[in-house]
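Source file: run.txt; contents: compact mmCIF, C-alpha atoms.
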# COMPACT_ATOMS: atom_id res chain seq x y z
CA MET A 1 51.16 -58.57 162.38
CA THR A 2 49.10 -57.05 159.58
CA ASP A 3 46.82 -55.34 162.12
CA TYR A 4 49.83 -53.81 163.79
CA GLU A 5 51.19 -52.55 160.46
CA MET A 6 47.81 -51.11 159.51
CA ILE A 7 47.49 -49.20 162.79
CA ARG A 8 51.02 -47.85 162.33
CA ASN A 9 50.23 -46.75 158.77
CA ILE A 10 47.03 -44.99 159.83
CA LEU A 11 48.83 -43.19 162.64
CA SER A 12 51.71 -42.11 160.43
CA PHE A 13 49.42 -40.85 157.67
CA SER A 14 47.31 -38.88 160.14
CA PHE A 15 50.47 -37.25 161.52
CA PHE A 16 51.61 -36.48 157.95
CA ALA A 17 48.22 -34.95 157.14
CA GLY A 18 48.17 -32.82 160.31
CA GLY A 19 51.70 -31.60 159.69
CA MET A 20 50.92 -30.73 156.07
CA ILE A 21 47.80 -28.79 157.07
CA PHE A 22 49.74 -26.74 159.62
CA LEU A 23 52.59 -26.10 157.16
CA PHE A 24 50.03 -24.95 154.56
CA LEU A 25 48.43 -22.58 157.09
CA GLY A 26 51.88 -21.23 157.99
CA MET A 27 52.64 -20.41 154.36
CA LEU A 28 49.18 -18.85 153.98
CA GLY A 29 49.99 -16.67 156.99
CA LEU A 30 53.30 -15.67 155.40
CA LEU A 31 51.35 -14.35 152.42
CA ARG A 32 48.41 -12.76 154.23
CA LEU A 33 49.76 -11.09 157.39
CA PRO A 34 50.81 -7.44 157.07
CA ASP A 35 54.45 -6.99 158.19
CA VAL A 36 57.65 -8.91 158.92
CA TYR A 37 57.00 -9.35 162.65
CA ASN A 38 53.52 -10.80 162.18
CA ARG A 39 54.83 -13.07 159.44
CA LEU A 40 57.47 -14.42 161.79
CA HIS A 41 54.66 -15.43 164.17
CA ALA A 42 53.17 -17.59 161.42
CA THR A 43 56.39 -19.18 160.23
CA THR A 44 57.95 -20.00 163.63
CA LYS A 45 55.02 -21.34 165.62
CA ILE A 46 53.07 -23.08 162.88
CA GLY A 47 56.22 -24.11 161.01
CA ILE A 48 57.61 -25.91 164.06
CA LEU A 49 54.36 -27.78 164.72
CA GLY A 50 54.01 -28.75 161.06
CA ALA A 51 57.59 -29.95 160.74
CA PHE A 52 57.34 -31.81 164.04
CA GLY A 53 54.16 -33.53 162.83
CA VAL A 54 55.90 -34.69 159.66
CA MET A 55 58.89 -35.94 161.70
CA LEU A 56 56.58 -37.90 164.04
CA GLY A 57 54.90 -39.37 160.97
CA ILE A 58 58.28 -40.59 159.73
CA VAL A 59 59.00 -42.17 163.14
CA MET A 60 55.64 -43.98 163.09
CA LYS A 61 56.26 -45.18 159.56
CA VAL A 62 59.80 -46.55 159.86
CA GLY A 63 60.10 -47.26 163.61
CA PHE A 64 63.18 -46.64 165.76
CA ASN A 65 65.87 -47.43 163.21
CA SER A 66 68.54 -44.99 162.03
CA MET A 67 66.09 -42.93 159.97
CA GLY A 68 63.54 -42.59 162.78
CA ILE A 69 66.16 -41.51 165.32
CA LYS A 70 67.49 -38.90 162.88
CA ALA A 71 63.95 -37.59 162.37
CA ILE A 72 63.52 -37.07 166.13
CA THR A 73 66.88 -35.27 166.28
CA VAL A 74 65.93 -32.96 163.42
CA GLY A 75 62.67 -32.11 165.21
CA MET A 76 64.53 -31.28 168.43
CA PHE A 77 67.04 -29.06 166.64
CA LEU A 78 64.21 -27.22 164.85
CA MET A 79 62.49 -26.58 168.18
CA LEU A 80 65.74 -25.21 169.62
CA THR A 81 66.84 -23.04 166.69
CA ALA A 82 63.62 -21.62 165.21
CA PRO A 83 62.88 -19.22 168.14
CA MET A 84 66.45 -17.91 168.06
CA ALA A 85 66.26 -17.37 164.30
CA ALA A 86 62.99 -15.47 164.75
CA HIS A 87 64.57 -13.33 167.49
CA MET A 88 67.61 -12.47 165.34
CA MET A 89 65.48 -11.66 162.28
CA SER A 90 63.05 -9.42 164.13
CA ARG A 91 65.86 -7.63 166.00
CA ALA A 92 67.86 -7.04 162.80
CA ALA A 93 64.75 -5.82 160.96
CA HIS A 94 63.87 -3.37 163.74
CA ARG A 95 67.41 -2.00 164.00
CA HIS A 96 67.57 -1.51 160.21
CA GLY A 97 64.46 0.64 160.37
CA VAL A 98 61.78 -1.74 159.09
CA GLY A 99 58.68 -0.17 160.59
CA LEU A 100 55.71 -1.91 162.11
CA CYS A 101 52.54 -2.07 160.03
CA LYS A 102 50.06 0.79 160.32
CA GLU A 103 47.60 -1.20 162.45
CA SER A 104 50.20 -1.37 165.24
CA ILE A 105 49.25 0.38 168.45
CA VAL A 106 52.44 0.48 170.54
CA ASP A 107 56.23 0.21 170.04
CA GLU A 108 58.11 0.35 173.32
CA TYR A 109 61.24 -1.21 171.82
CA GLY A 110 61.77 1.68 169.40
CA GLN A 111 61.42 4.21 172.21
CA SER A 112 64.04 2.38 174.28
CA TYR A 113 66.88 2.44 171.78
CA TYR A 114 66.13 5.86 170.26
CA LYS A 115 66.78 7.20 173.75
CA ASP A 116 70.15 5.40 173.81
CA GLN A 117 71.12 6.90 170.46
CA GLU A 118 70.25 10.42 171.59
CA LYS A 119 72.49 10.04 174.64
CA GLU A 120 75.45 9.14 172.45
CA MET B 1 88.77 -31.44 183.95
CA LYS B 2 85.63 -33.09 185.30
CA LYS B 3 83.60 -30.65 183.25
CA LEU B 4 85.31 -31.77 180.04
CA PHE B 5 84.33 -35.39 180.70
CA VAL B 6 80.71 -34.42 181.30
CA TYR B 7 80.56 -32.41 178.07
CA SER B 8 82.23 -35.25 176.14
CA ILE B 9 79.65 -37.76 177.37
CA ASP B 10 76.80 -35.38 176.47
CA LEU B 11 78.20 -34.81 173.00
CA GLY B 12 78.74 -38.56 172.57
CA ILE B 13 75.02 -39.12 173.20
CA VAL B 14 74.15 -36.35 170.72
CA TRP B 15 76.49 -37.97 168.17
CA CYS B 16 74.64 -41.29 168.61
CA PHE B 17 71.35 -39.57 167.78
CA VAL B 18 72.72 -37.58 164.83
CA SER B 19 74.42 -40.58 163.24
CA GLY B 20 71.33 -42.71 163.85
CA ASN B 21 73.22 -45.69 165.28
CA ILE B 22 72.93 -46.21 169.05
CA SER B 23 75.66 -48.61 170.22
CA ILE B 24 78.47 -48.60 172.77
CA ILE B 25 81.20 -48.40 170.13
CA ASN B 26 79.57 -45.50 168.32
CA PHE B 27 79.03 -43.67 171.63
CA LEU B 28 82.70 -44.13 172.61
CA PHE B 29 83.78 -42.91 169.17
CA GLY B 30 81.69 -39.73 169.55
CA ALA B 31 82.83 -39.12 173.13
CA ILE B 32 86.54 -39.51 172.31
CA ILE B 33 86.32 -37.25 169.23
CA SER B 34 84.45 -34.56 171.20
CA TYR B 35 87.01 -34.80 174.04
CA LEU B 36 89.85 -34.25 171.56
CA LEU B 37 87.97 -31.30 170.06
CA LEU B 38 87.02 -29.69 173.40
CA ARG B 39 90.46 -30.04 174.98
CA PRO B 40 92.20 -27.19 173.04
CA LEU B 41 89.13 -24.96 173.45
CA ARG B 42 88.71 -25.41 177.19
CA ALA B 43 89.49 -21.74 177.95
CA LEU B 44 86.03 -20.96 176.53
CA TYR B 45 84.30 -23.17 179.10
CA ASP B 46 86.16 -22.19 182.26
CA ASN B 47 83.84 -19.35 183.26
CA ILE B 48 80.71 -21.55 183.21
CA THR B 49 79.75 -22.69 186.70
CA ASP B 50 78.05 -26.06 186.79
CA ASP B 51 75.59 -27.41 189.30
CA SER B 52 76.49 -30.59 191.12
CA LEU B 53 74.99 -33.91 190.04
CA GLU B 54 72.55 -34.04 192.98
CA VAL B 55 71.04 -30.68 192.04
CA LEU B 56 70.65 -31.81 188.43
CA ILE B 57 68.86 -35.01 189.46
CA LEU B 58 66.57 -33.10 191.82
CA LYS B 59 65.63 -30.81 188.92
CA ILE B 60 64.33 -33.64 186.71
CA PRO B 61 60.66 -33.42 187.89
CA SER B 62 60.50 -29.68 187.29
CA LEU B 63 62.13 -30.16 183.87
CA MET B 64 59.44 -32.71 183.01
CA ARG B 65 56.71 -30.28 184.11
CA TYR B 66 58.33 -27.55 181.99
CA PHE B 67 58.39 -29.71 178.85
CA MET B 68 54.76 -30.81 179.36
CA LYS B 69 53.78 -27.14 179.64
CA LEU B 70 55.84 -26.31 176.54
CA ALA B 71 54.16 -29.00 174.42
CA ILE B 72 50.68 -27.82 175.41
CA GLU B 73 51.60 -24.19 174.75
CA ILE B 74 52.99 -24.96 171.27
CA LEU B 75 49.73 -26.68 170.30
CA LYS B 76 47.66 -23.78 171.65
CA ALA B 77 49.90 -21.22 169.93
CA SER B 78 49.63 -22.82 166.52
CA ILE B 79 45.86 -23.13 166.72
CA ALA B 80 45.54 -19.49 167.88
CA VAL B 81 47.66 -18.15 164.99
CA ALA B 82 45.94 -20.46 162.50
CA LYS B 83 42.57 -19.03 163.59
CA ILE B 84 43.80 -15.50 162.87
CA ILE B 85 45.12 -16.55 159.46
CA ILE B 86 41.97 -18.24 158.16
CA GLN B 87 39.67 -15.33 159.02
CA PRO B 88 38.35 -13.66 155.85
CA THR B 89 39.55 -10.22 156.99
CA ILE B 90 42.60 -10.03 159.22
CA ASN B 91 41.68 -7.84 162.17
CA ILE B 92 44.67 -7.58 164.55
CA LYS B 93 46.28 -4.98 166.80
CA PRO B 94 50.01 -5.83 166.84
CA GLY B 95 52.70 -4.00 168.81
CA ILE B 96 55.89 -4.34 170.84
CA ILE B 97 55.60 -4.19 174.64
CA SER B 98 58.23 -4.36 177.36
CA VAL B 99 58.01 -7.19 179.92
CA PRO B 100 60.07 -7.04 183.14
CA ILE B 101 61.60 -10.42 184.02
CA ARG B 102 62.99 -12.05 187.15
CA ALA B 103 65.40 -14.54 185.52
CA LYS B 104 69.05 -13.63 186.07
CA THR B 105 71.31 -16.28 184.50
CA ASP B 106 72.11 -16.62 180.77
CA LEU B 107 70.42 -20.02 180.57
CA GLY B 108 67.28 -18.76 182.32
CA ILE B 109 66.90 -15.71 180.08
CA THR B 110 67.54 -17.73 176.89
CA THR B 111 65.03 -20.40 177.86
CA LEU B 112 62.43 -17.85 178.89
CA SER B 113 62.72 -15.92 175.61
CA ASN B 114 62.53 -19.11 173.54
CA THR B 115 59.48 -20.20 175.51
CA ILE B 116 57.80 -16.83 174.97
CA THR B 117 58.39 -17.17 171.21
CA LEU B 118 56.73 -20.60 171.20
CA THR B 119 53.62 -19.52 173.14
CA PRO B 120 50.42 -17.99 171.76
CA GLY B 121 50.65 -14.60 170.11
CA THR B 122 54.02 -13.48 171.46
CA LEU B 123 57.52 -13.26 169.92
CA THR B 124 60.67 -12.07 171.70
CA VAL B 125 62.46 -9.29 169.82
CA ASP B 126 65.30 -8.32 172.16
CA VAL B 127 66.58 -8.17 175.72
CA SER B 128 67.56 -4.82 177.25
CA ASP B 129 71.21 -4.05 178.03
CA ASP B 130 70.78 -4.44 181.81
CA ARG B 131 68.97 -7.81 181.27
CA SER B 132 65.89 -6.85 183.22
CA ILE B 133 63.41 -6.26 180.38
CA LEU B 134 62.37 -8.39 177.42
CA TYR B 135 60.80 -6.68 174.39
CA VAL B 136 57.97 -8.86 173.15
CA HIS B 137 56.02 -8.48 169.91
CA CYS B 138 52.36 -9.41 170.36
CA ILE B 139 50.11 -10.17 167.43
CA ASP B 140 46.91 -9.00 169.11
CA ILE B 141 47.02 -6.66 172.13
CA ASP B 142 43.78 -6.31 174.03
CA ASP B 143 45.35 -5.42 177.35
CA ALA B 144 49.14 -5.12 177.65
CA ASP B 145 49.10 -5.62 181.42
CA GLU B 146 47.20 -8.86 181.03
CA ILE B 147 49.89 -10.25 178.68
CA ARG B 148 52.67 -9.20 181.10
CA GLU B 149 50.78 -10.86 183.93
CA SER B 150 50.28 -14.12 182.00
CA ILE B 151 53.99 -14.29 181.09
CA ARG B 152 54.99 -13.72 184.72
CA GLU B 153 52.50 -16.11 186.24
CA GLU B 154 52.26 -18.94 183.75
CA LEU B 155 55.64 -19.22 182.05
CA GLU B 156 58.29 -17.66 184.22
CA ASP B 157 57.49 -19.78 187.27
CA TYR B 158 58.09 -22.98 185.30
CA VAL B 159 61.33 -21.66 183.78
CA LEU B 160 62.70 -20.39 187.11
CA GLU B 161 61.88 -23.68 188.78
CA ALA B 162 63.55 -25.81 186.10
CA PHE B 163 66.58 -23.78 185.02
CA GLU B 164 67.72 -21.59 187.93

Will you turn the file into structure tokens for me?
Amino acid sequence: MTDYEMIRNILSFSFFAGGMIFLFLGMLGLLRLPDVYNRLHATTKIGILGAFGVMLGIVMKVGFNSMGIKAITVGMFLMLTAPMAAHMMSRAAHRHGVGLCKESIVDEYGQSYYKDQEKE
Amino acid sequence: MKKLFVYSIDLGIVWCFVSGNISIINFLFGAIISYLLLRPLRALYDNITDDSLEVLILKIPSLMRYFMKLAIEILKASIAVAKIIIQPTINIKPGIISVPIRAKTDLGITTLSNTITLTPGTLTVDVSDDRSILYVHCIDIDDADEIRESIREELEDYVLEAFE
């Protein structure tokens, strides 16, 4: 019994640690990367993995009772909604005229809807 | 009518997970409440065409393959972006490219764009008005054609197989 609990604790703490490291890297990316689109890369991808790691840690810690099941559900909803949020934010930013950073080499999206506006 | 029952059962299962208590009584409670809620709104669901049950069951293996692929891609994506972030000087060539797609249905296009967002170095910005082109922001473009090719070959096949 105690062995089983110890293995579960080690697993849950390693998942917590991995999730925390990825969340930290995501926030570091939010500060370091140049413009809004690159920052969304950091927050969506790394944020999902970090949050999912923390949720898995909770499941390992408490088992499949009401709290563990809720943690899995929260992870699933995050995985479903974070890409859509990133899509809406980047689309709104581009349509409001937030430019790409100066290192950018190509912008085929801007060309597409400027053409539409000229037609109108 | 049959569709309403299927949606109610689905939402009953979701209610079990959200409330954190999986039992027959709780499932019936969720299913009945969602049936009462969906009933007045059924005009919104009439234009959705459903597959039959046999088709759904036959799709389960390709759905499993798709989710395996998705899990691996999320891990790879996070490690790739983390590598860019911890470099002492950030040296990237970002940009937005257009990617032609083959998916036709709403579900297929939504799933494909979400999958692209979760895979290494790419983020979907928008879909064109005629639904044939996705605009994808890439964090580091070496060769635009190579990225288009990898989306077509590696991701779209899985999505088409599982959701269309």

- Item | Spatial neighbours of Ile90 (chain B), max dist 9 Å, only C-alpha atoms, sep filter under 5 positions, as an MDAnalysis selection string | (chainID A and resid 32:34) or (chainID B and resid 84:85)

Emit the selected residues as a compact mmCIF listing (two decimals), keeping the file's coordinate frame, including C-alpha atoms.
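Final output, part_33.txt:
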# COMPACT_ATOMS: atom_id res chain seq x y z
CA ARG A 32 48.41 -12.76 154.23
CA LEU A 33 49.76 -11.09 157.39
CA PRO A 34 50.81 -7.44 157.07
CA ILE B 84 43.80 -15.50 162.87
CA ILE B 85 45.12 -16.55 159.46

Would you tabulate, counting only C-alpha atoms, all residues of chain A that have an atom at most 8 Å from an atom of chain B, showing the closest pair of atoms and their distance in Å to one decimal, sorted by chain then ascending number, as JSON lines?
{"residue": "A:Phe22", "atom": "CA", "partner": "B:Ala82", "partner_atom": "CA", "distance": 7.9}
{"residue": "A:Leu25", "atom": "CA", "partner": "B:Ala82", "partner_atom": "CA", "distance": 6.3}
{"residue": "A:Gly26", "atom": "CA", "partner": "B:Ala82", "partner_atom": "CA", "distance": 7.5}
{"residue": "A:Leu28", "atom": "CA", "partner": "B:Ile85", "partner_atom": "CA", "distance": 7.2}
{"residue": "A:Gly29", "atom": "CA", "partner": "B:Ile85", "partner_atom": "CA", "distance": 5.5}
{"residue": "A:Arg32", "atom": "CA", "partner": "B:Ile85", "partner_atom": "CA", "distance": 7.2}
{"residue": "A:Leu33", "atom": "CA", "partner": "B:Ile85", "partner_atom": "CA", "distance": 7.5}
{"residue": "A:Tyr37", "atom": "CA", "partner": "B:His137", "partner_atom": "CA", "distance": 7.4}
{"residue": "A:Asn38", "atom": "CA", "partner": "B:Ile139", "partner_atom": "CA", "distance": 6.3}
{"residue": "A:His41", "atom": "CA", "partner": "B:Leu123", "partner_atom": "CA", "distance": 6.8}
{"residue": "A:Ala42", "atom": "CA", "partner": "B:Val81", "partner_atom": "CA", "distance": 6.6}
{"residue": "A:Thr44", "atom": "CA", "partner": "B:Leu118", "partner_atom": "CA", "distance": 7.7}
{"residue": "A:Lys45", "atom": "CA", "partner": "B:Ser78", "partner_atom": "CA", "distance": 5.7}
{"residue": "A:Ile46", "atom": "CA", "partner": "B:Ser78", "partner_atom": "CA", "distance": 5.0}
{"residue": "A:Leu49", "atom": "CA", "partner": "B:Ser78", "partner_atom": "CA", "distance": 7.1}
{"residue": "A:Asn65", "atom": "CA", "partner": "B:Gly20", "partner_atom": "CA", "distance": 7.2}
{"residue": "A:Ser66", "atom": "CA", "partner": "B:Gly20", "partner_atom": "CA", "distance": 4.0}
{"residue": "A:Met67", "atom": "CA", "partner": "B:Gly20", "partner_atom": "CA", "distance": 6.5}
{"residue": "A:Gly68", "atom": "CA", "partner": "B:Gly20", "partner_atom": "CA", "distance": 7.9}
{"residue": "A:Ile69", "atom": "CA", "partner": "B:Gly20", "partner_atom": "CA", "distance": 5.5}
{"residue": "A:Lys70", "atom": "CA", "partner": "B:Gly20", "partner_atom": "CA", "distance": 5.5}
{"residue": "A:Thr73", "atom": "CA", "partner": "B:Phe17", "partner_atom": "CA", "distance": 6.4}
{"residue": "A:Leu80", "atom": "CA", "partner": "B:Asn114", "partner_atom": "CA", "distance": 7.9}
{"residue": "A:Pro83", "atom": "CA", "partner": "B:Asn114", "partner_atom": "CA", "distance": 5.4}
{"residue": "A:Met84", "atom": "CA", "partner": "B:Asn114", "partner_atom": "CA", "distance": 6.8}
{"residue": "A:Ala86", "atom": "CA", "partner": "B:Leu123", "partner_atom": "CA", "distance": 7.8}
{"residue": "A:His87", "atom": "CA", "partner": "B:Val125", "partner_atom": "CA", "distance": 5.1}
{"residue": "A:Met88", "atom": "CA", "partner": "B:Val125", "partner_atom": "CA", "distance": 7.5}
{"residue": "A:Ser90", "atom": "CA", "partner": "B:Val125", "partner_atom": "CA", "distance": 5.7}
{"residue": "A:Arg91", "atom": "CA", "partner": "B:Val125", "partner_atom": "CA", "distance": 5.4}
{"residue": "A:Leu100", "atom": "CA", "partner": "B:Gly95", "partner_atom": "CA", "distance": 7.6}
{"residue": "A:Glu103", "atom": "CA", "partner": "B:Lys93", "partner_atom": "CA", "distance": 5.9}
{"residue": "A:Ser104", "atom": "CA", "partner": "B:Pro94", "partner_atom": "CA", "distance": 4.7}
{"residue": "A:Ile105", "atom": "CA", "partner": "B:Gly95", "partner_atom": "CA", "distance": 5.6}
{"residue": "A:Val106", "atom": "CA", "partner": "B:Gly95", "partner_atom": "CA", "distance": 4.8}
{"residue": "A:Asp107", "atom": "CA", "partner": "B:Ile96", "partner_atom": "CA", "distance": 4.6}
{"residue": "A:Glu108", "atom": "CA", "partner": "B:Ile97", "partner_atom": "CA", "distance": 5.4}
{"residue": "A:Tyr109", "atom": "CA", "partner": "B:Tyr135", "partner_atom": "CA", "distance": 6.1}

- Could you tell me how far CA of Leu56 (chain B) lies from CA of Gly108 (chain B), in Å and to one decimal? 14.8 Å

- Could you list as a list in words every residue that has an atom within 10 Å of (64.4, -20.9, 186.2), using the file's coordinates and counting all atoms listed in the file?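 Protein, DNA and RNA residues close to (64.4, -20.9, 186.2): Ser62, Leu63, Tyr66, Arg102, Ala103, Lys104, Thr105, Leu107, Gly108, Ile109, Thr111, Leu112, Leu155, Glu156, Asp157, Tyr158, Val159, Leu160, Glu161, Ala162, Phe163 and Glu164 of chain B.
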
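Non-sequential neighbours of Ala31 (chain B) (distance at most 8 Å, separation of 2 or more positions within a chain, all atoms listed in the file) are B:Ser8, B:Ile9, B:Asp10, B:Leu11, B:Gly12, B:Ile13, B:Phe27, B:Leu28, B:Phe29, B:Ile33, B:Ser34, B:Tyr35.
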
- Query: What is the CA of Thr81 (chain A) to CA of Lys59 (chain B) distance in Å?
  - Reply: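 That distance, rounded to one decimal, is 23.6 Å.
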
- Task: Have a look at CA of Leu11 (chain A) and CA of Met68 (chain B) and let me know their distance in Å, one decimal.
- Result: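 Spanning CA of Leu11 (chain A) to CA of Met68 (chain B) is a straight-line distance of 21.6 Å.
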
- Within 7 Å of Lys61 (chain A), counting all atoms listed in the file, which residues show up once you throw out same-chain ones fewer than 6 positions away? Write them as a list in words, please. Arg8, Asn9 and Ser12 of chain A

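Each of B:Leu4, B:Leu44, B:Leu70, B:Ile57 was checked against Met79 (chain A) using all atoms listed in the file; the smallest atom-to-atom distance is that of B:Leu70.
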
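Each of A:Gly110, A:Ile10, A:Met76, A:Gly57 was checked against Val98 (chain A) using all atoms listed in the file; the smallest atom-to-atom distance is that of A:Gly110.
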
- If we count all atoms listed in the file, what is near Gly18 (chain A) at a cut-off of 9 Å, once residues fewer than 3 positions away on the same chain are taken out, given as a list in words? Phe13, Ser14, Phe15, Ile21, Phe22, Leu23, Gly50, Gly53 and Val54 of chain A

Report, as lines of an AutoDock Vina configuration file, the axis-aligned box around all atoms of region 96-115 of chain A present in the file, extended by 6 Å on each side; give centre and edge lengths in Å to one decimal place.
center_x = 57.6
center_y = 2.6
center_z = 166.7
size_x = 32.0
size_y = 21.3
size_z = 27.2

- Find the residues near Ala71 (chain A): any atom within 8 Å, counting all atoms listed in the file, skip ones fewer than 3 places away on the same chain, and give them as number ranges by chain. A: 55-56, 58-59, 67-68, 74-75
